[in-house]
Every structure is written in C-alpha cells, then in structure tokens.
Amino acid sequence: MKTRTHAGRIGPKGDGSARARLWGPYLSERQWGTVREDYSPGGDAWSYFPHDHARSRAYRWGEDGLGGVCDDKQRLCLALALWNGRDPILKERAFGLTNGEGNHGEDVKEYYFYLDSTPSHSYLKYLYKYPQAEYPYNDLVSVNRERTRQEFEYELMDTGVFEDNRYFDVTVEYAKADHDDILMRVTVENRGPDEATLHVLPTLWFRNTWSWGDDPDREHRPRLRAVDGPGSTVTVRADHPELGSYDLRCADGSALLFTENETDNQRLFGSPNASPYVKNAIGRYVVEGEQDAVNPAHEGTKAAVHHTLTVPAGGSHTLRLRLGPADAKLPLTRGFDTVFTDRIAEADDFYRELTPEGAGEDEARVLRQALAGMLWSKQYYAYDLERWLHEHDMTPWSPPRPGLRNGEWFHMVSDDIISMPDKWEYPWFAAWDLAFHAVGLSVVDVAFAKEQLELLLRDTHLHPNGQIPAYEWNFSDVNPPVHAWAAYFVYTVEKGTTGNTDHAFLERTFQKLLTNFTWWVNRKDPGGRNIFQGGFLGLDNIGVFDRSAPLPTGGTLEQADGTAWMALYCQSMLQIAMELAEHNPSYEDLVLKFVEHYLWIAASMDRAGELHDELWDEEDGFYYDVLRLPDGQAVRLKVRSMVGLLPLCASTVFRTDQLERLSGLSERLQRFAERHPSLNVTLTSAQSGAVGGPRLLSVLDEKKLVRVLARLLSEDEFLSPHGIRALSRHHAEHPYTFWVGGEEYKVSYLPAESDTGMFGGNSNWRGPVWMPMNALVIRGLINLYGFYGDDFTVECPTGSGIQKNLYEVAEDICSRLTRIFLRDEDGRRPVYGGQAKFKDDPHWRDLISFYEYFHGDNGAGLGASHQTGWTGLVAALMKIFGTLEPDDFRSGPARRKNR
C-alpha cells in the first residue's frame, strides 16, 4: 500500500507536476443560462435554462455548486448544499438575476468571499453568508424588474434578511494531505441573537457524461455507493472508469442520501422519468420531506452527507470530511488538524514573502484576497463546438442560421482549466479578459499564467484564419488584441522576479501571434490605409454608436482605439522580436517588419498636413474616432474617452545595448525613412534622444504627449480620486450629440451603471474606472519614463502646480486605484460605497469584493461583484510599485526594494 504523509508533500506551489493540481476550485458557480447549455431554437440562453431548472435538469457541459472543488476534468465534484429550514428549495448554488431580470444586467444576489488559496490549492478558504430567514427569491426578481436603469439595484442586503445579524457564516476550507487526498472542514457560526438550525449537506456527484450522444452509455456510468468505513465513520465510495476509486469519509451518525444526477423530466416537461431517483431528489427529501425521493439502496451518481445542526446564538459547529483514494484506506481524523495547521502556515509564509516590504496589514489583506479570488476563479471549461453544433443540426456546410451562435467555429474544442472573469456572472472565457488575468496571475503563479496565454493560441482554439475566439456568446466578435502585450509583460515579470528567461514560451507565443496579427491586418483594415475598424473591441458603449452593428449613417467608423490597439499590438510584437533577436539573429527581419508596421499606423493616426479626417485634433489636443460618410465626407466624433488615451500605451524604448547587438538596425531604419519621406515626422521619435542613448518609438511626440497628459491628469476630466475614468467628466456638463435622420445620439458622463440597455449586459464605459485600462495606461507611462527619465515632468494633477515625472504619475494612479479597497481614516472602504455593514460590523469589514468596474467619482464597486479576473490586477500593481524602483525601468543597473 502506498505510504502517505502530509508534511511538505504539497506546498503552496506544488511540485511543478500536473498531479499537484489534479484537484482544485474548478467548479463553476453558474452553469445554467450559458450558451453551452442552450439548445433553444432562437438562442435565448437565459430563458432556455433558468435557475428554476438548475436543481432538476442535468447539465450537458459542466457543473456548478457552492464553494466546491473537482478534479481537472470535472469527473467528480464535491461542494456544499444548505437549508435553513425556511427556504422553498435546497441551497445548492448561488442565485442571481438574468440579463433581462436585472435593471443593470445579470447580477448575482449572494454574499460570498474567496478568502485564501495557494497556487497548488494546497489550502483553500471560502465564506458564504446564509440568511436564517427565507431567502427572498421572488422579492429580488419582482423589485428589480420594476426598477429603471436610473435607479439603484435592489440587493440582498436591502431585503432586510440580515437584520439583527440573523444569518450563518459558513466557512468551507480544503487542505491537501497529498495531491489526491483532500480534507474538507466546514465551520458554521451563528451570528444571530437566538439559537438556529441549519442543515448542512456536503455533496459528492459525478458530472453527467453518460446521457448524451447517439448511443448513451448508461450501463458503464460511474457509481457512488455506501460502504463500511474504518472506525466510527460512514463512507461513500466513488468508482469512475478513468479517475479510479475514491472514498468520502465523514463522522458516524451522518445520514447518507443517494440519487442520480439525471433530469427530472416529470417536473420540467411532464414526461416520465427513466428512474424515480433524479437530480433534485435530495432537495425534495430534505425540504419537502419526501422519504421515497432518495434511493434506499444507497447508490447512485449523486450523494449527500446530511447533518442537522442546532447552533446556539454566537456559537459554532465544525464538520470534518476526507476525500481520497479508496485503496489508501485513509482514516478520517488521523492528522486532520495537523494537515490544516501545516497548510495554513505554508500559505501564510507564501503570502508573507509575496507581500512587498513595508505594506501594512490592510494592504497585505487586499493583495492576498485579490490573488485568492483569481486562483478561486479557475474553472473547468468543456465545449466541443463540432459536437454542440451537430446537436443543433448544424454542419460545416449548412447555411448560417439566425439565433445559432458560433457556427464558424467547428474546429474548436475546449477541455481545460481556464481563468474565468467571474464564475457566476461570466463563467466563460473572454480573450481580452484572459490576457489581463495572466498579468495578474503572473505575480502568484507564473506557470499557470503562461499556460493560459498559450491556451487560446492552440489549434483547438485559434481559428484556422488566425482569429482568437472572442467570448462564448460570439467567438467571431472582436476583442482588443492585447495577447502580445500580456505575453511580454508575463515574460518580463518572470525574468525580473526569478531571473528565468523563458525564450521558448516567448517564441511559441510569438509564432502563433504572427498568424493572428495577419488576420487583423487582412480583416480589420478594409481600406488598406492602416486605419482599423475593430468593431466591439470590448469597450461596449464607449462611443456614439453600437460599433458591432451597422452604422445608421452608412459608411465606416475609423476608430482611434482600433488603430491604437493595433499600434500597441505592433509595439508588443516588436519588443518580443527584439528580445528573441538577441538570442537568434533570424528574428532581426521581424524586428524591422514590426517597426515598419508601427510607423505606417502611427502616420495614419496623424497624417502630415493636419487633414480634416485625421484622428488627431490639433485644436483639442486629443484623438477622436472619425466617421467617414458614404459621400466621402469625414466627421470627427469629439467624445473624450479612453479611446484617445490608448496611444499613450503604445511605445517602445530601444535600449542602447539592444541597438548595439542588433547590427544594422539603425541603417535599415534610415533607408526605410529615405524611401518613405512622408513618415519622417513619425520616425524622428524613433531616432531622438542623446547620441548613443536609447531611442523611442511612440505614436505621440513630446508636444502631443504633454497635451494628452494634461487631459489625463485633470480632475475635471479623466483623473478621479480612484483612478482613470473611461470617459471625461467634461461630458457631464457638455454631452456630445450627433443627429442622424432626426434621431439624436448622445454621449454623456455616467459615473455608475449604464442608463441604456442598447449595448446589453451591465457594462458601462461612459465614466466608471476600469482596472485593465488603468493597468495599460500605467504600463504605458512606465514605458515612456524609461525613455524620458526624471527630467521630463508634468503637473499632476493638472493645475495643481505639483510636478511629477512619469514614473511618479504612474505611481499616483496606482495609489488611487489601491485606495478603492483600503479602509480610509473613517474605516470605510470606497468599494462598498455607503454600506454601513462593511464599515462597522467586525464580521464584514475585512471582507473585500473585487468588482467589474468602479464609480467614476466615489470608487464604489459596480457590475459583476467577483471579477477578480482583471480587477485582481490591483495585486500586480501593488507588487510592482511595492517592489521595484524607478531605475528598474531605465537602462543601467537595476535595484529593487526587496528581492
């Protein structure tokens, strides 16, 4: 028999092998309402599979649960179910509103927090706050439905169910004694003034993989059954043909309830069930008292360990369970608490080392919870498009069908662990989100960060034409091309923190991105003029028109951000090519290729002669979109938005040592300039600076840079107390209007949620602060500082008389972003707005939510409430500015605050 010990077997980072991460928090929090589960004729995913069906219908492509874990192919799942004795249903998954039900888009209506995780998931901690009163499902739906987009959302706290602290804190912890030996500890604390009863049901089940296809293999499906356990324990045996046999052990006296993970056709569709034991049987047994709902033979594909706990006021109760290989005959309690003690100590040491020297207790808390949220937001994601489309009667030769999504993506097969934006509100990948996730993850788990970046470039994901899949609702839409930027960022983080130069990763990524870059050039520059029409570009409603729909004016929209995104793409590919060329001279030709692309794009953004149709507006000192009408006229759409700030982000500094190693590059650039004299204005940026010093390639010359920075750093425009707004506050008093055919199109400053449903969802780019765009601006400022150094200063804030260099400007913006989550002098965290509970209650005030975006004036969290995917970037920014000195971003010897 294999000998198993706990001391040092796993550790926070694992042993580098896949087996160390076999188990993790890979269970979604919402599988219902996704495109994968949508088999409706019209593509209405939210309505086809609503929350009310989730407890009764077997999922096709994944599973969901509360605070759960599963193996890396989601064959076997372990999560929590609860019942407070009053709810109409068993609480097996988080509840929220669909896109059509919420007055600001889809929205989870629960309070849960990711408190801890290590990269290997050797230790995990999750907190769920469960009301003792009946959960107000109908109230939340009906009140929000009646509210307009001009009103606040009606939240769970507003319903009164947390009054007098009548709720349970349910903490779920997992600790690994070995890579496949998982200890689960559930602690229930009664925060209320009276004794209260809670039903706690740790639930083990198999994902239903046997009911689908032309010939469902029901005879060979995996099985759960009750077996005799060692000592005073009860045991559920899980037998799976691929995963093997596992035992879930729990204390004697626990009741075991078994059923099948099969659809209750009778309840949903009025048709007979193949078996009397169906997915919702455990809920019917516990909540409705149906004794014959569960299988008396104690076998099935879903099982729960039923505990009924009566907890005194202010008291607590702890449950212990252990899931591990059956052949190891692991006892439940031996070494149980020691494993938790060791794993928690290791996690503490890991984050202590990761936290910048000098960070306070609250800063350390923000960093740790941000990274924990990112690590908890991993999800097993299965989606075989050929099979899914076949199940929708679609073949590669079928004509396009209205309402059927992703019909051009037959090649795509996903069967991976992917970092999700938010496992409830966005439980599916989005390409540009994932790039920012990788940047945040690079400070805690660089191996996983690199793996994520390479994932979408594999042949299973990258379209044969070179397009990266955008997001599940429409893979063919266009997300900003930030993959190269993220890949180079992650490479430099690893190089700077560990000294490892992973050229193999950089080269693999670069080669695949060449294909994607070509797709962009061929498909998104229809006029061949190096002006790009990006389409959606992720910035949903930032402009005058819906940029994914035909323009009401006809003609084309030349997008300043679409073009700036491509400049950023060129700049990033150029930096990667330069890095690779230092070790492989064959990449020198590609260095020149991307310099040339960059110069043409930069010239197109600011064509010589100050023409009426260029993107740069000399009078305003800003970049705008240009609407090119069918009759040839061109109109600048003078909306001061993040669109005009993006050129700040696209610059490359050629270090002196790089130029010396890349023989002949300067001469080739000079010959290029002589052949194309119209680009001389742009090229001077690349050849400025002291003789023999570094060179800068930038869309903005120094005069334009100063003008754009004056707007960026004006507190009356973009600079808020909590970061850079997506839209200038100037438009609060001066909305931009455009009339077409008697209809007014208007863009005004909206610091909170969107006031229109035209663009869908809960996105709003007309005023709030978005962490990923702030990170891009900060990285761009640091890059420019690498060239301009300490002598180049600007007023920050504009009009204050305070002069700062660009590194100090970036540091200032980072500080404003960080303050969103930190307690101020009054003990209030801006992220929670005016909610007193999060300020005064000791059981709430140290819990931090990382929202999708933030109020442009007061920093309150908005949109998805667990979007640590890209909002977790705050941890990366804290790490950078807490660890690095300005000299790290200039040529010459680097020095750090702590190494």
# chains A, B, ... in the order shown; residues from 1 in each chain; ligands from 1
>>> select_by_dssp(residues="segment 132-196 of chain A", states="alpha helix (DSSP H)", output="VMD selection string")
chain A and resid 137 to 146
>>> residues_around(residues="Asp415 of chain A", least_positions_apart="5", cutoff="9 Å", atoms="only C-alpha atoms", output="list of chain:residue names")
A:Lys73, A:Tyr380, A:Tyr381, A:Ala382, A:Tyr383, A:Asp384
>>> closest_residue(among="A:Leu243, A:Leu354, A:Val186, A:Ala732", to="Arg766 of chain A", atoms="only C-alpha atoms")
A:Ala732
>>> residues_around(residues="Trp397 of chain A", least_positions_apart="6", cutoff="12 Å", atoms="only C-alpha atoms", output="ChimeraX atom specification")
/A:389-390,407-408,410
